[in-house]
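With mmCIF, C-alpha atoms and all ligand atoms inside, this is upload-v4.cif:
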data_input
loop_
_atom_site.label_atom_id
_atom_site.label_comp_id
_atom_site.auth_asym_id
_atom_site.auth_seq_id
_atom_site.Cartn_x
_atom_site.Cartn_y
_atom_site.Cartn_z
CA MET A 441 -194.89 -141.25 -58.74
CA LEU A 442 -191.60 -139.73 -57.60
CA ALA A 443 -190.12 -143.20 -57.01
CA THR A 444 -191.13 -144.34 -60.53
CA LEU A 445 -189.67 -141.24 -62.14
CA LEU A 446 -186.42 -141.63 -60.19
CA ALA A 447 -186.15 -145.32 -61.12
CA ALA A 448 -186.63 -144.45 -64.81
CA LYS A 449 -184.05 -141.67 -64.49
CA ALA A 450 -181.52 -144.02 -62.82
CA ALA A 451 -181.95 -146.63 -65.55
CA ILE A 452 -181.60 -144.18 -68.45
CA ILE A 453 -178.55 -142.32 -67.11
CA SER A 454 -176.79 -145.57 -66.12
CA ILE A 455 -177.11 -147.01 -69.63
CA TRP A 456 -176.11 -143.71 -71.25
CA PHE A 457 -173.09 -143.31 -68.98
CA ALA A 458 -171.93 -146.91 -69.59
CA LEU A 459 -172.17 -146.48 -73.39
CA PHE A 460 -170.06 -143.31 -73.38
CA PHE A 461 -167.61 -144.64 -70.78
CA ILE A 462 -166.90 -147.63 -73.03
CA GLY A 463 -167.03 -145.57 -76.24
CA GLU A 464 -164.45 -143.02 -75.12
CA ARG A 465 -162.05 -145.88 -74.34
CA LEU A 466 -162.45 -147.33 -77.82
CA ALA A 467 -162.19 -144.01 -79.71
CA ARG A 468 -160.18 -141.42 -77.77
CA ALA A 469 -160.10 -137.77 -78.85
CA ASP A 470 -157.21 -137.00 -76.47
CA SER A 471 -154.72 -139.83 -76.13
CA ARG A 472 -153.05 -138.71 -72.89
CA PRO A 473 -153.23 -141.36 -70.14
CA THR A 474 -155.50 -140.92 -67.13
CA SER A 475 -154.86 -142.56 -63.77
CA SER A 476 -157.18 -145.07 -62.12
CA ALA A 477 -156.84 -143.02 -58.90
CA ARG A 478 -158.52 -140.12 -60.70
CA LEU A 479 -161.33 -142.36 -61.89
CA PHE A 480 -161.95 -143.70 -58.37
CA LYS A 481 -161.96 -140.13 -57.01
CA ASN A 482 -164.57 -139.01 -59.54
CA PHE A 483 -166.69 -142.13 -59.01
CA GLY A 484 -166.47 -141.50 -55.25
CA MET A 485 -167.95 -138.04 -55.82
CA TRP A 486 -170.75 -139.64 -57.85
CA VAL A 487 -171.64 -142.03 -55.03
CA LEU A 488 -172.03 -139.08 -52.62
CA LEU A 489 -173.97 -137.18 -55.26
CA MET A 490 -176.41 -140.05 -55.85
CA ALA A 491 -176.98 -140.55 -52.11
CA LEU A 492 -177.73 -136.85 -51.78
CA SER A 493 -179.95 -136.81 -54.88
CA VAL A 494 -182.25 -139.50 -53.50
CA SER A 495 -182.29 -138.28 -49.89
CA VAL A 496 -182.38 -134.48 -50.33
CA VAL A 497 -182.53 -133.15 -53.90
CA ALA A 498 -185.43 -135.25 -55.23
CA PRO A 499 -187.78 -134.62 -52.25
CA LEU A 500 -186.82 -130.92 -52.36
CA THR A 501 -187.62 -130.70 -56.08
CA ALA A 502 -190.93 -132.54 -55.59
CA TRP A 503 -191.82 -130.12 -52.79
CA GLY A 504 -190.91 -127.15 -54.98
CA ALA A 505 -193.08 -128.42 -57.82
CA ASN A 506 -196.05 -128.36 -55.43
CA GLN A 507 -195.47 -124.75 -54.39
CA LEU A 508 -197.17 -123.32 -57.43
CA LEU A 509 -197.03 -119.56 -57.17
CA TRP A 510 -198.45 -119.07 -60.61
CA VAL A 511 -200.97 -121.68 -61.68
CA ARG A 512 -201.20 -122.24 -65.39
CA SER A 513 -204.51 -121.38 -66.94
CA GLU A 514 -206.70 -124.23 -67.98
CA TRP A 515 -207.13 -122.72 -71.43
CA MET A 516 -203.52 -123.61 -72.14
CA THR A 517 -204.27 -127.30 -71.75
CA ALA A 518 -207.60 -126.94 -73.52
CA ALA A 519 -205.92 -125.21 -76.45
CA GLY A 520 -203.55 -128.15 -76.76
CA VAL A 521 -200.38 -126.21 -76.06
CA GLY A 522 -199.12 -128.80 -73.55
CA ALA A 523 -196.35 -130.05 -75.82
CA ALA A 524 -195.27 -126.49 -76.64
CA LEU A 525 -195.20 -125.69 -72.93
CA LEU A 526 -193.00 -128.71 -72.30
CA ILE A 527 -190.46 -127.46 -74.87
CA ILE A 528 -190.64 -123.91 -73.49
CA ASP A 529 -190.11 -125.20 -69.92
CA LEU A 530 -187.07 -127.24 -71.00
CA ILE A 531 -185.56 -124.21 -72.80
CA LEU A 532 -186.21 -121.94 -69.80
CA LEU A 533 -184.58 -124.44 -67.41
CA ASP A 534 -181.59 -124.67 -69.75
CA CYS A 535 -181.26 -120.87 -69.83
CA TRP A 536 -181.55 -120.80 -66.02
CA THR A 537 -178.77 -123.42 -65.79
CA TYR A 538 -176.57 -121.23 -68.01
CA TRP A 539 -176.93 -118.24 -65.66
CA VAL A 540 -176.45 -120.33 -62.52
CA HIS A 541 -173.26 -121.79 -64.02
CA ARG A 542 -172.06 -118.27 -64.87
CA ALA A 543 -172.80 -117.19 -61.28
CA TYR A 544 -170.72 -120.12 -59.98
CA HIS A 545 -167.75 -118.56 -61.78
CA LYS A 546 -168.41 -114.94 -60.81
CA VAL A 547 -169.56 -115.16 -57.16
CA PRO A 548 -166.53 -116.05 -54.99
CA LEU A 549 -168.48 -118.17 -52.46
CA MET A 550 -170.14 -120.13 -55.26
CA TRP A 551 -166.80 -120.60 -57.03
CA ARG A 552 -165.43 -122.34 -53.92
CA VAL A 553 -167.70 -125.34 -54.51
CA HIS A 554 -167.66 -125.24 -58.31
CA GLU A 555 -163.86 -125.14 -58.27
CA ILE A 556 -163.87 -128.82 -57.21
CA HIS A 557 -165.33 -129.73 -60.61
CA HIS A 558 -162.72 -127.62 -62.42
CA ARG A 559 -159.73 -129.01 -60.53
CA ASP A 560 -160.02 -132.21 -62.57
CA GLU A 561 -156.86 -132.31 -64.68
CA PHE A 562 -158.26 -134.45 -67.46
CA LEU A 563 -161.72 -134.75 -68.95
CA ASP A 564 -163.88 -137.77 -69.67
CA THR A 565 -167.33 -139.06 -68.72
CA THR A 566 -166.35 -139.26 -65.03
CA SER A 567 -165.78 -135.48 -64.95
CA ALA A 568 -169.53 -135.07 -65.53
CA VAL A 569 -170.27 -136.70 -62.15
CA ARG A 570 -167.52 -134.94 -60.23
CA PHE A 571 -169.30 -132.17 -58.33
CA HIS A 572 -169.04 -131.11 -54.72
CA ILE A 573 -172.16 -132.07 -52.74
CA GLY A 574 -172.53 -128.42 -51.71
CA GLU A 575 -172.95 -127.41 -55.35
CA VAL A 576 -175.56 -130.10 -55.95
CA VAL A 577 -177.71 -128.97 -53.00
CA PHE A 578 -177.28 -125.26 -53.74
CA SER A 579 -178.17 -125.73 -57.42
CA ALA A 580 -181.30 -127.69 -56.40
CA LEU A 581 -182.32 -124.87 -54.05
CA LEU A 582 -181.79 -122.24 -56.77
CA ARG A 583 -183.78 -124.28 -59.27
CA LEU A 584 -186.79 -124.08 -56.95
CA ILE A 585 -187.14 -120.46 -58.09
CA PRO A 586 -188.09 -121.13 -61.76
CA ILE A 587 -189.89 -124.36 -60.85
CA SER A 588 -192.23 -122.70 -58.37
CA LEU A 589 -192.53 -119.32 -60.12
CA LEU A 590 -193.39 -120.83 -63.49
CA ALA A 591 -195.26 -123.85 -62.10
CA ILE A 592 -193.09 -126.31 -64.00
CA PRO A 593 -194.46 -129.85 -63.49
CA LEU A 594 -192.29 -132.38 -61.66
CA PRO A 595 -192.09 -134.84 -64.63
CA THR A 596 -190.74 -131.96 -66.78
CA VAL A 597 -188.08 -131.18 -64.18
CA ILE A 598 -187.03 -134.86 -63.99
CA LEU A 599 -186.97 -135.04 -67.81
CA PHE A 600 -184.75 -131.94 -67.86
CA GLU A 601 -182.41 -133.52 -65.30
CA ILE A 602 -182.11 -136.66 -67.46
CA ILE A 603 -181.38 -134.59 -70.60
CA LEU A 604 -178.89 -132.40 -68.73
CA PHE A 605 -177.06 -135.41 -67.32
CA CYS A 606 -176.87 -137.12 -70.74
CA LEU A 607 -175.58 -133.93 -72.38
CA ALA A 608 -173.04 -133.37 -69.56
CA VAL A 609 -171.69 -136.91 -70.03
CA PHE A 610 -171.48 -136.23 -73.77
CA HIS A 611 -169.71 -132.85 -73.64
CA HIS A 612 -167.23 -133.89 -70.94
CA SER A 613 -166.44 -137.15 -72.73
CA ASN A 614 -163.19 -137.95 -74.47
CA LEU A 615 -165.04 -139.55 -77.36
CA LYS A 616 -163.57 -138.91 -80.80
CA LEU A 617 -166.23 -137.63 -83.18
CA PRO A 618 -166.04 -136.90 -86.92
CA SER A 619 -165.08 -133.20 -87.02
CA GLY A 620 -167.73 -132.21 -89.58
CA PHE A 621 -170.46 -133.90 -87.52
CA GLU A 622 -169.31 -132.25 -84.29
CA LYS A 623 -169.05 -128.83 -85.94
CA ALA A 624 -172.62 -129.08 -87.24
CA LEU A 625 -173.89 -130.36 -83.88
CA SER A 626 -172.13 -127.53 -82.02
CA TRP A 627 -174.50 -125.00 -83.59
CA VAL A 628 -177.32 -126.61 -81.62
CA ILE A 629 -175.92 -128.28 -78.49
CA VAL A 630 -172.73 -128.09 -76.45
CA THR A 631 -170.18 -130.57 -77.79
CA PRO A 632 -166.87 -131.75 -76.28
CA SER A 633 -164.95 -129.21 -78.40
CA ILE A 634 -166.95 -126.38 -76.85
CA HIS A 635 -166.90 -127.62 -73.27
CA TRP A 636 -163.25 -128.68 -73.17
CA ILE A 637 -162.41 -125.00 -73.74
CA HIS A 638 -164.37 -124.23 -70.55
CA HIS A 639 -161.96 -126.59 -68.72
CA HIS A 640 -158.83 -125.13 -70.35
CA ALA A 641 -156.43 -124.08 -67.57
CA ILE A 642 -156.43 -120.46 -68.76
CA ARG A 643 -158.66 -118.12 -66.76
CA GLU A 644 -160.02 -116.38 -69.87
CA ASP A 645 -161.26 -119.72 -71.24
CA THR A 646 -162.46 -121.09 -67.88
CA ASP A 647 -164.70 -118.03 -67.59
CA SER A 648 -166.39 -118.66 -70.95
CA ASN A 649 -168.56 -121.29 -72.67
CA TYR A 650 -170.97 -121.70 -69.74
CA ALA A 651 -173.80 -123.37 -71.65
CA SER A 652 -174.71 -126.96 -70.77
CA GLY A 653 -177.50 -127.86 -73.18
CA LEU A 654 -178.20 -125.49 -76.05
CA SER A 655 -175.03 -123.80 -77.29
CA VAL A 656 -176.88 -120.62 -78.28
CA TRP A 657 -176.69 -119.03 -74.80
CA ASP A 658 -172.97 -118.25 -75.01
CA ARG A 659 -173.46 -116.62 -78.40
CA VAL A 660 -176.51 -114.62 -77.22
CA PHE A 661 -175.02 -113.49 -73.89
CA GLY A 662 -171.50 -112.82 -75.18
CA SER A 663 -169.57 -115.51 -73.29
CA LYS A 664 -168.39 -117.65 -76.19
CA SER A 665 -164.63 -118.24 -76.18
CA PRO A 666 -162.87 -117.23 -79.42
CA HIS A 667 -160.46 -120.13 -78.95
CA GLU A 668 -160.59 -123.63 -80.39
CA ARG A 669 -159.84 -126.91 -78.67
CA HIS A 670 -156.35 -128.16 -79.51
CA PRO A 671 -154.49 -131.41 -78.76
CA ASN A 672 -152.74 -131.60 -75.39
CA MET A 673 -154.35 -128.41 -74.06
CA LYS A 674 -153.83 -128.17 -70.30
CA ILE A 675 -157.00 -129.04 -68.39
CA GLY A 676 -157.77 -127.74 -64.88
CA ILE A 677 -157.40 -124.35 -63.19
CA GLU A 678 -154.56 -121.99 -64.01
CA GLY A 679 -151.90 -122.25 -61.29
CA ILE A 680 -153.84 -124.70 -59.09
CA GLU A 681 -153.39 -128.45 -58.69
CA ASP A 682 -155.97 -131.15 -58.05
CA LYS A 683 -156.29 -132.64 -54.56
CA GLY A 684 -157.23 -135.97 -52.98
CA PHE A 685 -160.84 -137.03 -52.36
CA LEU A 686 -161.16 -135.88 -48.72
CA ALA A 687 -159.16 -132.69 -49.35
CA LEU A 688 -161.60 -131.80 -52.15
CA LEU A 689 -164.60 -132.31 -49.85
CA VAL A 690 -163.28 -129.83 -47.26
CA ALA A 691 -161.62 -127.42 -49.73
CA PRO A 692 -164.64 -125.05 -50.07
CA PHE A 693 -164.58 -124.43 -46.32
CA LEU A 694 -160.88 -123.49 -46.32
CA GLY A 695 -161.03 -120.60 -48.78
CA PRO A 696 -160.81 -119.89 -52.49
CA GLY A 697 -158.15 -121.63 -54.53
CA ARG A 698 -157.72 -118.71 -56.92
ZN ZN B 1 -167.67 -124.18 -64.83
#
For this file, write the structure as structure tokens.
Amino acid sequence: MLATLLAAKAAIISIWFALFFIGERLARADSRPTSSARLFKNFGMWVLLMALSVSVVAPLTAWGANQLLWVRSEWMTAAGVGAALLIIDLILLDCWTYWVHRAYHKVPLMWRVHEIHHRDEFLDTTSAVRFHIGEVVFSALLRLIPISLLAIPLPTVILFEIILFCLAVFHHSNLKLPSGFEKALSWVIVTPSIHWIHHHAIREDTDSNYASGLSVWDRVFGSKSPHERHPNMKIGIEGIEDKGFLALLVAPFLGPGR
């Protein structure tokens, strides 16, 4: 079952990524050039990430989904609340992801790995796959907490991962959207205008707009930036430059960049 779910996940995210990768090259929101070296670096991170996902993260998640500390009552299924539970599980996982992301910014040791994602000095679909392998494993370990405590079924977790990936590709993308459409959408989900602020090379903005799926979390928990995305805003980390592929891999072990 795990192999089937992973195959479906790989197919869906590949198609989604390809569509946005092409789309953002046809309709660019930010017209600044980006180097092919940067693209190769980000794709290199994705290759490591995929290898780790199949070999470590997926088996770990499947194991966690079997460690049910709180078994759901049968009356829930009998009462036909399965679909409602699915929605509730997805919302809870999204809220969990918000707080984990916030912790990556506030806990110095966690920031060391998350910093690799933020060092990217431009944003597009490839930024969504640029994460240090340490962050991927640590996030998977942390996610075992809600999965096992709330007995969230494995297919729900995989569905959440697919949705999260698709939304991450969307809100990192450099795709130009009609402003009225994006403004309306931003009330429900995180759009590029919201997430680009999170990558603005100003500490105050970097430490805001943590939501990944539903945009409501930043409004509820008081972390919404008051600033708006503007053309040519500097992307990255204030006072810190990006590094080469191998330097990024070892950077978390050498100390904090900020
Ligand atoms: Zn961040």
Compute the set of protein, DNA and RNA residues whose minimum atom distance to ligand ZN 1 (chain B) is at most 9 Å, using only C-alpha atoms and all ligand atoms, and state it as a PyMOL selection string.
chain A and resi 541-542+544-545+551+554-555+557-558+638-639+646-650
Contacts of Ile637 of chain A within 12 Å, all atoms listed in the file, excl. fewer than 5 positions in-chain, as a VMD selection string
chain A and resid 558 563 611 to 612 630 to 632 642 to 651 663 to 677
Which residue, A:Gly662, A:Tyr538, A:Val553, A:Phe562, has the smallest gap to Ala691 of chain A when you use all atoms listed in the file?
A:Val553
Give the centre and edge lengths of an axis-aligned box, in Å to one decimal, that holds all listed atoms of segment 662-681 of chain A with 6 Å on each side, as JSON.
{"center_x": -161.7, "center_y": -122.2, "center_z": -69.5, "size_x": 31.6, "size_y": 30.8, "size_z": 33.7}
List as a PyMOL selection string the protein and nucleic acid residues near segment 593-597 of chain A, meaning an atom at most 8 Å away when only C-alpha atoms are counted, but skip any in the same chain fewer than 3 places from it.
chain A and resi 445+501-502+505+526+529-530+587+600-601
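Nearest residue to Ala443 of chain A, choosing from A:Asn614, A:Ser579, A:Ser652, A:Ser495 and counting all atoms listed in the file: A:Ser495.
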So, counting all atoms listed in the file, which residue among A:His640, A:Leu525, A:Arg559, A:Leu479 is closest to Phe461 of chain A?
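Residue with the minimum atom-to-atom distance to Phe461 of chain A: A:Leu479.
Using all atoms listed in the file, the smallest distance between any of A:Leu442, A:Ile592, A:Ile602, A:Leu694 and Leu532 of chain A comes from A:Ile592.
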Atoms added to segment 528-553 of chain A (N, CA, C and O atoms), reported as a PDB file, in the frame of the given file:
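Contents of out_6.pdb, as written:
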ATOM      1  N   ILE A 528    -190.976-125.224 -74.054  1.00  0.00           N
ATOM      2  CA  ILE A 528    -190.640-123.910 -73.490  1.00  0.00           C
ATOM      3  C   ILE A 528    -190.029-124.079 -72.091  1.00  0.00           C
ATOM      4  O   ILE A 528    -189.030-123.446 -71.744  1.00  0.00           O
ATOM      5  N   ASP A 529    -190.640-124.955 -71.282  1.00  0.00           N
ATOM      6  CA  ASP A 529    -190.110-125.200 -69.920  1.00  0.00           C
ATOM      7  C   ASP A 529    -188.677-125.723 -69.981  1.00  0.00           C
ATOM      8  O   ASP A 529    -187.816-125.296 -69.209  1.00  0.00           O
ATOM      9  N   LEU A 530    -188.419-126.657 -70.891  1.00  0.00           N
ATOM     10  CA  LEU A 530    -187.070-127.240 -71.000  1.00  0.00           C
ATOM     11  C   LEU A 530    -186.062-126.160 -71.412  1.00  0.00           C
ATOM     12  O   LEU A 530    -184.949-126.103 -70.881  1.00  0.00           O
ATOM     13  N   ILE A 531    -186.459-125.280 -72.345  1.00  0.00           N
ATOM     14  CA  ILE A 531    -185.560-124.210 -72.800  1.00  0.00           C
ATOM     15  C   ILE A 531    -185.304-123.211 -71.662  1.00  0.00           C
ATOM     16  O   ILE A 531    -184.177-122.774 -71.442  1.00  0.00           O
ATOM     17  N   LEU A 532    -186.375-122.879 -70.911  1.00  0.00           N
ATOM     18  CA  LEU A 532    -186.210-121.940 -69.800  1.00  0.00           C
ATOM     19  C   LEU A 532    -185.291-122.513 -68.725  1.00  0.00           C
ATOM     20  O   LEU A 532    -184.435-121.806 -68.184  1.00  0.00           O
ATOM     21  N   LEU A 533    -185.448-123.807 -68.413  1.00  0.00           N
ATOM     22  CA  LEU A 533    -184.580-124.440 -67.410  1.00  0.00           C
ATOM     23  C   LEU A 533    -183.136-124.464 -67.881  1.00  0.00           C
ATOM     24  O   LEU A 533    -182.202-124.289 -67.097  1.00  0.00           O
ATOM     25  N   ASP A 534    -182.947-124.649 -69.190  1.00  0.00           N
ATOM     26  CA  ASP A 534    -181.590-124.670 -69.750  1.00  0.00           C
ATOM     27  C   ASP A 534    -180.959-123.281 -69.644  1.00  0.00           C
ATOM     28  O   ASP A 534    -179.785-123.145 -69.295  1.00  0.00           O
ATOM     29  N   CYS A 535    -181.746-122.246 -69.932  1.00  0.00           N
ATOM     30  CA  CYS A 535    -181.260-120.870 -69.830  1.00  0.00           C
ATOM     31  C   CYS A 535    -180.932-120.544 -68.368  1.00  0.00           C
ATOM     32  O   CYS A 535    -179.916-119.914 -68.067  1.00  0.00           O
ATOM     33  N   TRP A 536    -181.792-120.995 -67.464  1.00  0.00           N
ATOM     34  CA  TRP A 536    -181.550-120.800 -66.020  1.00  0.00           C
ATOM     35  C   TRP A 536    -180.234-121.458 -65.616  1.00  0.00           C
ATOM     36  O   TRP A 536    -179.425-120.876 -64.889  1.00  0.00           O
ATOM     37  N   THR A 537    -179.998-122.681 -66.123  1.00  0.00           N
ATOM     38  CA  THR A 537    -178.770-123.420 -65.790  1.00  0.00           C
ATOM     39  C   THR A 537    -177.544-122.676 -66.288  1.00  0.00           C
ATOM     40  O   THR A 537    -176.505-122.657 -65.621  1.00  0.00           O
ATOM     41  N   TYR A 538    -177.674-122.044 -67.469  1.00  0.00           N
ATOM     42  CA  TYR A 538    -176.570-121.230 -68.010  1.00  0.00           C
ATOM     43  C   TYR A 538    -176.192-120.129 -67.021  1.00  0.00           C
ATOM     44  O   TYR A 538    -175.026-119.943 -66.676  1.00  0.00           O
ATOM     45  N   TRP A 539    -177.214-119.379 -66.540  1.00  0.00           N
ATOM     46  CA  TRP A 539    -176.930-118.240 -65.660  1.00  0.00           C
ATOM     47  C   TRP A 539    -176.425-118.679 -64.299  1.00  0.00           C
ATOM     48  O   TRP A 539    -175.590-118.022 -63.685  1.00  0.00           O
ATOM     49  N   VAL A 540    -176.941-119.806 -63.809  1.00  0.00           N
ATOM     50  CA  VAL A 540    -176.450-120.330 -62.520  1.00  0.00           C
ATOM     51  C   VAL A 540    -174.985-120.735 -62.657  1.00  0.00           C
ATOM     52  O   VAL A 540    -174.160-120.431 -61.788  1.00  0.00           O
ATOM     53  N   HIS A 541    -174.648-121.386 -63.777  1.00  0.00           N
ATOM     54  CA  HIS A 541    -173.260-121.790 -64.020  1.00  0.00           C
ATOM     55  C   HIS A 541    -172.359-120.549 -64.084  1.00  0.00           C
ATOM     56  O   HIS A 541    -171.277-120.516 -63.499  1.00  0.00           O
ATOM     57  N   ARG A 542    -172.838-119.517 -64.761  1.00  0.00           N
ATOM     58  CA  ARG A 542    -172.060-118.270 -64.870  1.00  0.00           C
ATOM     59  C   ARG A 542    -171.848-117.657 -63.487  1.00  0.00           C
ATOM     60  O   ARG A 542    -170.767-117.165 -63.167  1.00  0.00           O
ATOM     61  N   ALA A 543    -172.903-117.716 -62.649  1.00  0.00           N
ATOM     62  CA  ALA A 543    -172.800-117.190 -61.280  1.00  0.00           C
ATOM     63  C   ALA A 543    -171.777-117.977 -60.476  1.00  0.00           C
ATOM     64  O   ALA A 543    -171.044-117.399 -59.661  1.00  0.00           O
ATOM     65  N   TYR A 544    -171.705-119.301 -60.700  1.00  0.00           N
ATOM     66  CA  TYR A 544    -170.720-120.120 -59.980  1.00  0.00           C
ATOM     67  C   TYR A 544    -169.286-119.650 -60.269  1.00  0.00           C
ATOM     68  O   TYR A 544    -168.388-119.819 -59.449  1.00  0.00           O
ATOM     69  N   HIS A 545    -169.093-119.051 -61.434  1.00  0.00           N
ATOM     70  CA  HIS A 545    -167.750-118.560 -61.780  1.00  0.00           C
ATOM     71  C   HIS A 545    -167.512-117.141 -61.283  1.00  0.00           C
ATOM     72  O   HIS A 545    -166.367-116.747 -61.069  1.00  0.00           O
ATOM     73  N   LYS A 546    -168.578-116.366 -61.124  1.00  0.00           N
ATOM     74  CA  LYS A 546    -168.410-114.940 -60.810  1.00  0.00           C
ATOM     75  C   LYS A 546    -168.580-114.612 -59.326  1.00  0.00           C
ATOM     76  O   LYS A 546    -168.045-113.611 -58.851  1.00  0.00           O
ATOM     77  N   VAL A 547    -169.339-115.423 -58.591  1.00  0.00           N
ATOM     78  CA  VAL A 547    -169.560-115.160 -57.160  1.00  0.00           C
ATOM     79  C   VAL A 547    -168.542-115.988 -56.365  1.00  0.00           C
ATOM     80  O   VAL A 547    -168.560-117.217 -56.428  1.00  0.00           O
ATOM     81  N   PRO A 548    -167.620-115.323 -55.652  1.00  0.00           N
ATOM     82  CA  PRO A 548    -166.530-116.050 -54.990  1.00  0.00           C
ATOM     83  C   PRO A 548    -166.971-117.224 -54.113  1.00  0.00           C
ATOM     84  O   PRO A 548    -166.357-118.290 -54.165  1.00  0.00           O
ATOM     85  N   LEU A 549    -168.037-117.059 -53.323  1.00  0.00           N
ATOM     86  CA  LEU A 549    -168.480-118.170 -52.460  1.00  0.00           C
ATOM     87  C   LEU A 549    -168.984-119.353 -53.278  1.00  0.00           C
ATOM     88  O   LEU A 549    -168.792-120.514 -52.903  1.00  0.00           O
ATOM     89  N   MET A 550    -169.643-119.059 -54.405  1.00  0.00           N
ATOM     90  CA  MET A 550    -170.140-120.130 -55.260  1.00  0.00           C
ATOM     91  C   MET A 550    -168.975-120.824 -55.977  1.00  0.00           C
ATOM     92  O   MET A 550    -168.985-122.038 -56.189  1.00  0.00           O
ATOM     93  N   TRP A 551    -167.958-120.027 -56.342  1.00  0.00           N
ATOM     94  CA  TRP A 551    -166.800-120.600 -57.030  1.00  0.00           C
ATOM     95  C   TRP A 551    -166.094-121.641 -56.145  1.00  0.00           C
ATOM     96  O   TRP A 551    -165.573-122.644 -56.621  1.00  0.00           O
ATOM     97  N   ARG A 552    -166.105-121.412 -54.840  1.00  0.00           N
ATOM     98  CA  ARG A 552    -165.430-122.340 -53.920  1.00  0.00           C
ATOM     99  C   ARG A 552    -165.907-123.784 -54.101  1.00  0.00           C
ATOM    100  O   ARG A 552    -165.124-124.718 -53.997  1.00  0.00           O
ATOM    101  N   VAL A 553    -167.210-123.967 -54.331  1.00  0.00           N
ATOM    102  CA  VAL A 553    -167.700-125.340 -54.510  1.00  0.00           C
ATOM    103  C   VAL A 553    -167.543-125.795 -55.966  1.00  0.00           C
ATOM    104  O   VAL A 553    -167.221-126.957 -56.230  1.00  0.00           O
TER     105      VAL A 553
END
